[in-house]
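What follows is a set of notes on a single structure, which appears directly below.
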Amino acid sequence: AMAAEGCPFKGVLYFGLMLTERGPMVIEYNSRFGDPETQAILPLLKTPLSQVMLAVIEERLGEMEVAFSQESAVCVVLASGGYPGPYEKGKTIHGIQEALAEGAIVYHAGTALCKDGYATAGGRVLGVTAVEPSLEQAIHRAYEYVDLISFAGMEYRKDIGRK
C-alpha cells in the first residue's frame with residue numbers, strides 16, 4: 001500500500017499477536033523490532049542480520065536464504081515492582097555477570113550504570129534469554145538464569161513459553 005502511494009517501505013514490520021478464543025488477533029503493529037519478542041528470535045538467526053538488512057535495502061531479500069537455528073529460545077523479562085504502573089528506580093541489580101558466565105544472553109532495557117554496577121532505571125529492566133535444543137530445555141534454562149539475578153522488587157512472569 002505504501003509503495004502504491006509512492007512511499008515504498010523498507011524495514012521491519014512487527015506484529016504483536018494475542019491468542020484469543022476467536023483465534024489470533026493483532027493487538028499492535030510497528031515498523032521496528034518488538035521486544036522482548038526479538039530477544040528470543042534474533043539469537044536463532046544464523047544469517048548475519050547485517051546481510052539481511054543490506055538485502056532489504058538493495059531489494060534482493062527474495063533472492064537470499066535466511067537461515068534460523070532449529071534450537072529454541074526463551075526470553076523472560078525482569079520488571080520493576082509495580083510495572084506497568086508506578087515503580088521505583090535505583091535498585092541495585094545483582095547477578096548479571098553470573099548469568100552471563102553460565103551462558104545467558106542478557107538484554108538491558110531499563111538499567112543505568114551505578115557505582116555498584118547496574119541499577120534499575122525503568123519498568124522493563126532486563127530480558128534474560130536462553131537458547132537450548134528444545135523448548136522445554138530453553139524454558140528451564142531461562143528460569144535458571146533468572147534465579148541468578150536479583151534486585152529489590154523484581155517481578156517476572158513464570159509462564160513464559162508454556163502455551
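Naming scheme: A, B, ... for chains in displayed order of the C-alpha cells; residues 1 onward per chain; ligands 1 onward as shown.
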Original post:
Can you list, as a ChimeraX atom specification, every protein, DNA or RNA residue that comes within 8 Å of Ser150 in chain A when you count only C-alpha atoms, leaving out same-chain residues fewer than 2 positions away?
Top reply: /A:93-95,146-148,152,154
**OP:** Skip range 119-125 of chain A itself and residues of its chain fewer than 5 positions away, then list as a PyMOL selection string all residues within 10 Å of it, counting only C-alpha atoms.
**Re:** chain A and resi 36+77-94+107-114+151-152+154-156
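Residue nearest Val128 in chain A within the list A:Phe9, A:Tyr29, A:Tyr145, A:Phe68: A:Tyr145 [criterion: smallest interatomic distance, only C-alpha atoms].
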What are the DSSP helix (DSSP H, G or I) residues of range 96-130 of chain A, as a PDB file with N, CA, C and O atoms, in the first residue's frame?
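part_30.pdb, written as the output of this step:
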```pdb
ATOM      1  N   ILE A  96      24.072 -10.310  37.256  1.00  0.00           N
ATOM      2  CA  ILE A  96      24.139 -10.276  35.784  1.00  0.00           C
ATOM      3  C   ILE A  96      25.377 -11.021  35.290  1.00  0.00           C
ATOM      4  O   ILE A  96      25.287 -11.849  34.381  1.00  0.00           O
ATOM      5  N   GLN A  97      26.528 -10.750  35.885  1.00  0.00           N
ATOM      6  CA  GLN A  97      27.765 -11.402  35.439  1.00  0.00           C
ATOM      7  C   GLN A  97      27.706 -12.912  35.636  1.00  0.00           C
ATOM      8  O   GLN A  97      28.192 -13.667  34.794  1.00  0.00           O
ATOM      9  N   GLU A  98      27.076 -13.343  36.718  1.00  0.00           N
ATOM     10  CA  GLU A  98      26.936 -14.777  36.969  1.00  0.00           C
ATOM     11  C   GLU A  98      26.080 -15.437  35.896  1.00  0.00           C
ATOM     12  O   GLU A  98      26.398 -16.520  35.400  1.00  0.00           O
ATOM     13  N   ALA A  99      24.977 -14.778  35.530  1.00  0.00           N
ATOM     14  CA  ALA A  99      24.103 -15.316  34.482  1.00  0.00           C
ATOM     15  C   ALA A  99      24.825 -15.360  33.143  1.00  0.00           C
ATOM     16  O   ALA A  99      24.733 -16.351  32.405  1.00  0.00           O
ATOM     17  N   LEU A 100      25.570 -14.309  32.831  1.00  0.00           N
ATOM     18  CA  LEU A 100      26.345 -14.292  31.585  1.00  0.00           C
ATOM     19  C   LEU A 100      27.378 -15.416  31.576  1.00  0.00           C
ATOM     20  O   LEU A 100      27.565 -16.085  30.557  1.00  0.00           O
ATOM     21  N   ALA A 101      28.038 -15.631  32.700  1.00  0.00           N
ATOM     22  CA  ALA A 101      29.052 -16.685  32.794  1.00  0.00           C
ATOM     23  C   ALA A 101      28.451 -18.069  32.586  1.00  0.00           C
ATOM     24  O   ALA A 101      29.141 -18.976  32.091  1.00  0.00           O
ATOM     25  N   GLU A 102      27.186 -18.241  32.921  1.00  0.00           N
ATOM     26  CA  GLU A 102      26.509 -19.534  32.741  1.00  0.00           C
ATOM     27  C   GLU A 102      25.977 -19.710  31.323  1.00  0.00           C
ATOM     28  O   GLU A 102      25.492 -20.781  30.969  1.00  0.00           O
TER      29      GLU A 102
END
```
**OP:** Might you pull out every residue within 10 Å of range 50-59 of chain A, with only C-alpha atoms counted and same-chain residues fewer than 3 positions away left off, and present them as JSON, numbers by chain?
**Re:** {"A": [9, 10, 11, 12, 47, 62, 63, 64, 65, 66]}
